[in-house]
Amino acid sequence: MHVFNRFLAVPKRSPAYRPEIDGLRAVAVVAVLINHLNQRFLPGGFLGVDIFFVISGYVVTSSLMAREDSSRWQFLARFYGRRVRRLLPALVVNIAVVSILFSLFASPLDDFYAPIMRTGTAAIFGVSNLYLLKQGTSYFAGDNQFNIFMHTWSLGVEEQFYLVWPAILLLCGLGVAGAAGGLRRLKIVSLLLVAVSLALYVGLSLKGQSERAFFLTPAHFWELAAGCGAYLLHRGGGSARDLGRKLAFPGLRGPLSLMLLLAMVGLLLLPESWRLATTMAVAAITAVLLILVQPTSGVGRLLCHPVSLTLGAMSYSLYLWHWPLIVLARWTIGLTALTLLPVLALIALCTILSYRIERLFRYSRPTGHGLNRTWVLYPVMTVLVSAVSLALQGPLMGRLYAGQRSHGVGGSVNMKRIEGTTVDTVHCFQEPTHPVTKVNVLRPCIVDAFPGRPTLFFVGDSHAHMLIPLGGKLLASGRYNVAFLARGGCPVPDFS
């Protein structure tokens, strides 16, 4: 433990710190890492994100309830100041560096380039989950193995939770000195939120709207609220009361914790097709473990091992960097048995450097200089990194590309056209985020070169767009007229 604390070099922990929670974070991030390296190794490893959600609900509620500020404004300002210092510096550095690396290795003429870069821009503002949903993205689709910012969807869910949860505590009468009677109201609200959000998640999943169930924050609120409920049961109003130590049968606590941890690992081995059941089960197990596990128990000692604590403390940086580096390997050298070790070494190096950035901003005290103040420095960082991201999609697009370009970078990505007509990417392809126009957009995309001949209509998602060259050959045959209208990520056309 002494070596661990010296390595991390963090200020003295508060009395409320529970090292076993860092151990659970280690389980979660290692599960995600293994799953992202190869899904066959740990099919349910994606559930590590759900473990993170429950832990976040617990930790954020613990942080909020441990403080009583003089006013609501002070309560909110201090909370968001802590969150910004905790999350933003490592995130914006990650997005800036990864965007530049991606621009080096990915051709701007590739269909993937623009949506991937836009995902990174959205991640800066905590809305990448909403952008990916708007794109019609499925997290488990094969092509998303090449989106370097796909993993930021979960950060969007958590950041949107942070916008709501402090306000709920204030409405319940907590967080401000002198407030009373709010604890019971918070328990009732948490229970209601778990019920409503879980019903939404199950309903969307059963109706075949799995993407909405996956990316929407309201569909995950039950996991975060379950973490809050675990805290309320474990520590009550922030006092020394500890339900985990007051169980009627304390001798069963250790064996039960071990069984639950083994069950959690077992869930990680189940296939993705069981996602609805395994997600609910792993969230429930995490909440119960947060109540039961003690650092002195057998499971607690395992979770408090220095290796577990190190991985848990660095889990945010590890989560930020592991996925982009894995995906960049797929874009370049490939992810094989020969390249696995170098990729893992690079992930470890970037994680350590990123964690140093975390500590620098999280634990340093603001000085009197204006640029060191939270509400000046961090907006400036956000604007600068946003400018870098947008420039790589605009004036700098293709300028950093290290590969050979046989075509110049024009006004669109991966231009498709039928020569001598107006059928091309500019006129006949829409991004799913573009507004649906009210005018007749199909007119420039219909070629009536042969009156009296039948017209073949290609209407659908990006697959229809990719068939434009085939349309040119059909048109050249003289037997057919052709028409194209494609909207990315929207496979069901609207014929109204």
# chains A, B, ... in the order shown; residues from 1 in each chain; ligands from 1
>>> residues_around(residues="A:Trp321", least_positions_apart="2", cutoff="12 Å", atoms="only C-alpha atoms", output="VMD selection string")
chain A and resid 29 33 36 90 to 95 97 to 98 148 to 152 314 to 319 323 to 328 343 to 355
>>> residues_around(residues="stretch 180-193 of chain A", least_positions_apart="6", cutoff="8 Å", atoms="only C-alpha atoms", output="CSV table (one decimal) with C-alpha atoms, in the first residue's frame")
chain,number,residue,atom,x,y,z
A,168,ILE,CA,-32.2,16.6,-7.9
A,169,LEU,CA,-30.4,16.7,-4.6
A,172,CYS,CA,-34.9,17.2,-2.4
A,173,GLY,CA,-33.5,19.7,0.2
A,174,LEU,CA,-29.9,18.5,0.4
A,221,PHE,CA,-30.3,6.5,-15.5
A,222,TRP,CA,-31.5,3.5,-13.6
A,225,ALA,CA,-29.5,5.9,-9.6
A,226,ALA,CA,-28.9,2.3,-8.4
A,228,CYS,CA,-27.0,6.3,-5.5
A,229,GLY,CA,-29.4,3.9,-3.8
A,232,LEU,CA,-27.9,5.6,0.7
A,237,GLY,CA,-26.8,10.5,5.3
>>> residues_around(residues="A:Met280", least_positions_apart="3", cutoff="9 Å", atoms="only C-alpha atoms", output="ChimeraX atom specification")
/A:50,198,223,275-277,283-285
>>> write_last_selection(atoms="all heavy atoms", output="PDB file, in the first residue's frame")
ATOM      1  N   ASP A  50     -21.231  -0.692 -17.718  1.00  0.00           N
ATOM      2  CA  ASP A  50     -22.376  -0.665 -16.814  1.00  0.00           C
ATOM      3  C   ASP A  50     -21.923  -0.700 -15.354  1.00  0.00           C
ATOM      4  O   ASP A  50     -22.539  -0.078 -14.491  1.00  0.00           O
ATOM      5  CB  ASP A  50     -23.308  -1.839 -17.126  1.00  0.00           C
ATOM      6  CG  ASP A  50     -23.837  -1.782 -18.549  1.00  0.00           C
ATOM      7  OD1 ASP A  50     -24.741  -0.979 -18.802  1.00  0.00           O
ATOM      8  OD2 ASP A  50     -23.315  -2.512 -19.403  1.00  0.00           O
ATOM      9  N   LEU A 198     -35.503   2.002 -15.809  1.00  0.00           N
ATOM     10  CA  LEU A 198     -35.366   0.583 -16.140  1.00  0.00           C
ATOM     11  C   LEU A 198     -36.496   0.143 -17.066  1.00  0.00           C
ATOM     12  O   LEU A 198     -36.272  -0.623 -18.016  1.00  0.00           O
ATOM     13  CB  LEU A 198     -35.366  -0.259 -14.861  1.00  0.00           C
ATOM     14  CG  LEU A 198     -35.211  -1.775 -15.046  1.00  0.00           C
ATOM     15  CD1 LEU A 198     -33.933  -2.105 -15.803  1.00  0.00           C
ATOM     16  CD2 LEU A 198     -35.220  -2.478 -13.696  1.00  0.00           C
ATOM     17  N   GLU A 223     -29.133   2.733 -13.789  1.00  0.00           N
ATOM     18  CA  GLU A 223     -27.870   2.217 -13.274  1.00  0.00           C
ATOM     19  C   GLU A 223     -27.192   3.233 -12.364  1.00  0.00           C
ATOM     20  O   GLU A 223     -26.677   2.901 -11.292  1.00  0.00           O
ATOM     21  CB  GLU A 223     -26.956   1.858 -14.447  1.00  0.00           C
ATOM     22  CG  GLU A 223     -27.494   0.713 -15.289  1.00  0.00           C
ATOM     23  CD  GLU A 223     -26.648   0.442 -16.504  1.00  0.00           C
ATOM     24  OE1 GLU A 223     -26.605   1.292 -17.407  1.00  0.00           O
ATOM     25  OE2 GLU A 223     -26.019  -0.642 -16.568  1.00  0.00           O
ATOM     26  N   ARG A 275     -27.598  -9.465 -23.864  1.00  0.00           N
ATOM     27  CA  ARG A 275     -27.282  -8.165 -23.286  1.00  0.00           C
ATOM     28  C   ARG A 275     -28.344  -7.635 -22.337  1.00  0.00           C
ATOM     29  O   ARG A 275     -28.022  -7.066 -21.301  1.00  0.00           O
ATOM     30  CB  ARG A 275     -27.038  -7.151 -24.420  1.00  0.00           C
ATOM     31  CG  ARG A 275     -26.619  -5.790 -23.940  1.00  0.00           C
ATOM     32  CD  ARG A 275     -26.080  -4.952 -25.081  1.00  0.00           C
ATOM     33  NE  ARG A 275     -27.122  -4.332 -25.879  1.00  0.00           N
ATOM     34  CZ  ARG A 275     -27.336  -4.569 -27.161  1.00  0.00           C
ATOM     35  NH1 ARG A 275     -26.586  -5.447 -27.792  1.00  0.00           N
ATOM     36  NH2 ARG A 275     -28.278  -3.939 -27.825  1.00  0.00           N
ATOM     37  N   LEU A 276     -29.599  -7.793 -22.649  1.00  0.00           N
ATOM     38  CA  LEU A 276     -30.655  -7.252 -21.798  1.00  0.00           C
ATOM     39  C   LEU A 276     -30.582  -7.848 -20.392  1.00  0.00           C
ATOM     40  O   LEU A 276     -30.588  -7.118 -19.384  1.00  0.00           O
ATOM     41  CB  LEU A 276     -32.030  -7.518 -22.419  1.00  0.00           C
ATOM     42  CG  LEU A 276     -33.249  -7.061 -21.604  1.00  0.00           C
ATOM     43  CD1 LEU A 276     -33.199  -5.557 -21.362  1.00  0.00           C
ATOM     44  CD2 LEU A 276     -34.541  -7.451 -22.316  1.00  0.00           C
ATOM     45  N   ALA A 277     -30.492  -9.165 -20.318  1.00  0.00           N
ATOM     46  CA  ALA A 277     -30.455  -9.834 -19.018  1.00  0.00           C
ATOM     47  C   ALA A 277     -29.137  -9.590 -18.294  1.00  0.00           C
ATOM     48  O   ALA A 277     -29.122  -9.317 -17.081  1.00  0.00           O
ATOM     49  CB  ALA A 277     -30.694 -11.333 -19.196  1.00  0.00           C
ATOM     50  N   ALA A 283     -25.506  -4.854 -13.172  1.00  0.00           N
ATOM     51  CA  ALA A 283     -25.768  -3.617 -12.435  1.00  0.00           C
ATOM     52  C   ALA A 283     -26.241  -3.932 -11.023  1.00  0.00           C
ATOM     53  O   ALA A 283     -25.802  -3.288 -10.049  1.00  0.00           O
ATOM     54  CB  ALA A 283     -26.799  -2.772 -13.177  1.00  0.00           C
ATOM     55  N   ALA A 284     -27.129  -4.914 -10.896  1.00  0.00           N
ATOM     56  CA  ALA A 284     -27.620  -5.285  -9.563  1.00  0.00           C
ATOM     57  C   ALA A 284     -26.493  -5.851  -8.701  1.00  0.00           C
ATOM     58  O   ALA A 284     -26.374  -5.509  -7.517  1.00  0.00           O
ATOM     59  CB  ALA A 284     -28.750  -6.313  -9.708  1.00  0.00           C
ATOM     60  N   ILE A 285     -25.639  -6.681  -9.283  1.00  0.00           N
ATOM     61  CA  ILE A 285     -24.527  -7.255  -8.524  1.00  0.00           C
ATOM     62  C   ILE A 285     -23.572  -6.159  -8.070  1.00  0.00           C
ATOM     63  O   ILE A 285     -23.100  -6.163  -6.920  1.00  0.00           O
ATOM     64  CB  ILE A 285     -23.796  -8.309  -9.377  1.00  0.00           C
ATOM     65  CG1 ILE A 285     -24.663  -9.568  -9.519  1.00  0.00           C
ATOM     66  CG2 ILE A 285     -22.437  -8.670  -8.771  1.00  0.00           C
ATOM     67  CD1 ILE A 285     -24.100 -10.597 -10.465  1.00  0.00           C
TER      68      ILE A 285
END
>>> atom_distance(atom1="atom CA of A:Ser63", atom2="atom CA of A:Pro166")
10.4 Å
>>> atom_distance(atom1="atom CA of A:Leu338", atom2="atom CA of A:Asp110")
27.1 Å
>>> residues_around(residues="stretch 292-302 of chain A", least_positions_apart="2", cutoff="9 Å", atoms="only C-alpha atoms", output="list in words")
Arg18, Pro19, Glu20, Gly23, His234, Leu243, Gly244, Arg245, Leu247, Arg253, Gly254, Pro255, Leu256, Ser257, Leu258, Leu261, Ala287, Val288, Leu289, Leu290, Cys304, His305 and Ser308 of chain A
>>> residues_around(residues="A:Ser107", least_positions_apart="6", cutoff="9 Å", atoms="only C-alpha atoms", output="list of chain:residue names")
A:Tyr113, A:Gly398, A:Tyr401, A:Ala402, A:Gly403, A:Gln404, A:Arg405
>>> write_last_selection(atoms="C-alpha atoms", output="tab-separated table (two decimals), in the first residue's frame")
chain	number	residue	atom	x	y	z
A	113	TYR	CA	-13.35	10.19	-41.95
A	398	GLY	CA	-6.03	16.13	-45.76
A	401	TYR	CA	-2.36	12.77	-44.29
A	402	ALA	CA	0.85	10.72	-44.56
A	403	GLY	CA	-0.43	8.39	-47.27
A	404	GLN	CA	-0.51	8.91	-51.03
A	405	ARG	CA	-3.41	10.92	-52.41
>>> closest_residue(among="A:Leu262, A:Leu104, A:Asn144, A:Met65", to="A:Ile116", atoms="only C-alpha atoms")
A:Asn144
>>> closest_residue(among="A:Leu311, A:Ile357, A:Cys445, A:Leu109", to="A:Met415", atoms="only C-alpha atoms")
A:Leu109
>>> residues_around(residues="A:Phe214", least_positions_apart="2", cutoff="10 Å", atoms="only C-alpha atoms", output="PyMOL selection string")
chain A and resi 129+133+138-139+153-154+157+201+204-205+209-212+216-220
>>> write_last_selection(atoms="all heavy atoms", output="compact mmCIF listing (two decimals), in the first residue's frame")
# COMPACT_ATOMS: atom_id res chain seq x y z
N ASN A 129 -22.72 10.49 -27.49
CA ASN A 129 -23.74 9.44 -27.50
C ASN A 129 -24.94 9.85 -28.35
O ASN A 129 -25.51 9.05 -29.09
CB ASN A 129 -24.18 9.09 -26.08
CG ASN A 129 -24.76 10.26 -25.33
OD1 ASN A 129 -24.26 11.39 -25.41
ND2 ASN A 129 -25.82 10.04 -24.56
N LEU A 133 -26.16 8.22 -31.94
CA LEU A 133 -27.54 7.78 -32.11
C LEU A 133 -28.16 8.42 -33.35
O LEU A 133 -28.85 7.76 -34.13
CB LEU A 133 -28.35 8.13 -30.86
CG LEU A 133 -29.85 7.78 -30.91
CD1 LEU A 133 -30.04 6.27 -31.05
CD2 LEU A 133 -30.56 8.28 -29.66
N SER A 138 -24.83 1.56 -34.52
CA SER A 138 -24.94 0.47 -33.56
C SER A 138 -23.56 0.21 -32.97
O SER A 138 -22.59 0.02 -33.70
CB SER A 138 -25.46 -0.81 -34.23
OG SER A 138 -25.36 -1.91 -33.34
N TYR A 139 -23.48 0.23 -31.64
CA TYR A 139 -22.19 0.04 -30.97
C TYR A 139 -21.54 -1.29 -31.36
O TYR A 139 -20.32 -1.40 -31.43
CB TYR A 139 -22.42 0.09 -29.45
CG TYR A 139 -21.18 -0.16 -28.63
CD1 TYR A 139 -20.27 0.86 -28.37
CD2 TYR A 139 -20.92 -1.42 -28.08
CE1 TYR A 139 -19.13 0.63 -27.61
CE2 TYR A 139 -19.79 -1.66 -27.31
CZ TYR A 139 -18.91 -0.62 -27.08
OH TYR A 139 -17.79 -0.85 -26.32
N TRP A 153 -19.03 7.53 -26.01
CA TRP A 153 -20.49 7.58 -25.78
C TRP A 153 -20.81 7.48 -24.29
O TRP A 153 -21.71 8.16 -23.80
CB TRP A 153 -21.18 6.44 -26.54
CG TRP A 153 -21.00 5.09 -25.89
CD1 TRP A 153 -20.01 4.20 -26.11
CD2 TRP A 153 -21.84 4.50 -24.88
NE1 TRP A 153 -20.16 3.09 -25.32
CE2 TRP A 153 -21.28 3.24 -24.56
CE3 TRP A 153 -23.00 4.91 -24.24
CZ2 TRP A 153 -21.85 2.40 -23.61
CZ3 TRP A 153 -23.57 4.07 -23.29
CH2 TRP A 153 -23.00 2.83 -22.99
N SER A 154 -20.05 6.65 -23.56
CA SER A 154 -20.34 6.46 -22.14
C SER A 154 -19.99 7.71 -21.34
O SER A 154 -20.64 8.01 -20.33
CB SER A 154 -19.58 5.25 -21.59
OG SER A 154 -18.17 5.47 -21.64
N VAL A 157 -22.96 9.95 -21.55
CA VAL A 157 -24.03 9.54 -20.62
C VAL A 157 -23.72 10.05 -19.22
O VAL A 157 -24.60 10.63 -18.54
CB VAL A 157 -24.19 8.01 -20.62
CG1 VAL A 157 -25.10 7.56 -19.49
CG2 VAL A 157 -24.74 7.53 -21.96
N TYR A 201 -35.59 1.34 -20.48
CA TYR A 201 -34.52 0.53 -21.06
C TYR A 201 -35.07 -0.81 -21.56
O TYR A 201 -34.78 -1.22 -22.70
CB TYR A 201 -33.43 0.29 -20.02
CG TYR A 201 -32.36 -0.68 -20.45
CD1 TYR A 201 -31.39 -0.30 -21.38
CD2 TYR A 201 -32.32 -1.98 -19.96
CE1 TYR A 201 -30.41 -1.18 -21.80
CE2 TYR A 201 -31.34 -2.88 -20.36
CZ TYR A 201 -30.39 -2.47 -21.28
OH TYR A 201 -29.43 -3.36 -21.69
N LEU A 204 -37.51 -0.21 -24.68
CA LEU A 204 -36.80 0.06 -25.93
C LEU A 204 -36.10 -1.18 -26.45
O LEU A 204 -36.09 -1.43 -27.66
CB LEU A 204 -35.78 1.19 -25.70
CG LEU A 204 -36.34 2.59 -25.46
CD1 LEU A 204 -35.20 3.55 -25.09
CD2 LEU A 204 -37.09 3.11 -26.67
N SER A 205 -35.51 -1.96 -25.55
CA SER A 205 -34.80 -3.17 -25.97
C SER A 205 -35.76 -4.18 -26.59
O SER A 205 -35.46 -4.79 -27.62
CB SER A 205 -34.07 -3.79 -24.78
OG SER A 205 -33.11 -2.90 -24.24
N GLN A 209 -35.53 -1.31 -30.45
CA GLN A 209 -34.82 -0.03 -30.53
C GLN A 209 -33.57 -0.09 -29.65
O GLN A 209 -33.38 0.71 -28.73
CB GLN A 209 -35.75 1.11 -30.10
CG GLN A 209 -37.00 1.21 -30.95
CD GLN A 209 -37.90 2.37 -30.52
OE1 GLN A 209 -37.43 3.43 -30.12
NE2 GLN A 209 -39.20 2.15 -30.59
N SER A 210 -32.72 -1.06 -29.95
CA SER A 210 -31.56 -1.31 -29.10
C SER A 210 -30.58 -0.14 -29.09
O SER A 210 -29.91 0.10 -28.08
CB SER A 210 -30.85 -2.59 -29.55
OG SER A 210 -30.48 -2.50 -30.92
N GLU A 211 -30.47 0.59 -30.22
CA GLU A 211 -29.56 1.72 -30.26
C GLU A 211 -30.00 2.82 -29.29
O GLU A 211 -29.18 3.43 -28.59
CB GLU A 211 -29.45 2.29 -31.68
CG GLU A 211 -28.67 1.41 -32.64
CD GLU A 211 -29.48 0.24 -33.14
OE1 GLU A 211 -30.73 0.28 -33.00
OE2 GLU A 211 -28.88 -0.73 -33.65
N ARG A 212 -31.31 3.08 -29.24
CA ARG A 212 -31.82 4.08 -28.30
C ARG A 212 -31.62 3.62 -26.86
O ARG A 212 -31.25 4.42 -25.99
CB ARG A 212 -33.30 4.36 -28.57
CG ARG A 212 -33.55 5.01 -29.92
CD ARG A 212 -35.04 5.08 -30.24
NE ARG A 212 -35.73 5.96 -29.31
CZ ARG A 212 -35.82 7.29 -29.46
NH1 ARG A 212 -35.23 7.87 -30.50
NH2 ARG A 212 -36.47 8.02 -28.59
N LEU A 216 -29.06 6.42 -25.18
CA LEU A 216 -29.80 7.48 -24.49
C LEU A 216 -29.51 7.47 -22.99
O LEU A 216 -29.59 6.42 -22.34
CB LEU A 216 -31.29 7.33 -24.73
CG LEU A 216 -31.82 7.79 -26.10
CD1 LEU A 216 -33.31 7.52 -26.21
CD2 LEU A 216 -31.55 9.28 -26.32
N THR A 217 -29.23 8.63 -22.43
CA THR A 217 -28.98 8.74 -20.99
C THR A 217 -30.17 8.31 -20.15
O THR A 217 -29.99 7.61 -19.15
CB THR A 217 -28.56 10.18 -20.64
OG1 THR A 217 -27.36 10.50 -21.36
CG2 THR A 217 -28.32 10.33 -19.15
N PRO A 218 -31.42 8.71 -20.49
CA PRO A 218 -32.56 8.25 -19.67
C PRO A 218 -32.66 6.73 -19.57
O PRO A 218 -33.15 6.21 -18.56
CB PRO A 218 -33.78 8.84 -20.40
CG PRO A 218 -33.25 10.05 -21.09
CD PRO A 218 -31.85 9.68 -21.52
N ALA A 219 -32.19 6.01 -20.58
CA ALA A 219 -32.25 4.55 -20.55
C ALA A 219 -31.15 3.95 -19.67
O ALA A 219 -31.18 2.75 -19.38
CB ALA A 219 -32.15 3.98 -21.97
N HIS A 220 -30.17 4.77 -19.25
CA HIS A 220 -29.12 4.30 -18.35
C HIS A 220 -29.23 4.93 -16.96
O HIS A 220 -28.44 4.59 -16.08
CB HIS A 220 -27.74 4.63 -18.93
CG HIS A 220 -27.33 3.76 -20.07
ND1 HIS A 220 -26.93 2.45 -19.91
CD2 HIS A 220 -27.28 4.01 -21.40
CE1 HIS A 220 -26.63 1.93 -21.09
NE2 HIS A 220 -26.83 2.86 -22.01
>>> atom_distance(atom1="atom CA of A:Leu37", atom2="atom CA of A:Pro271")
15.7 Å
>>> closest_residue(among="A:Ser477, A:Pro115, A:Asp69, A:Ala483", to="A:Arg443", atoms="only C-alpha atoms")
A:Ala483
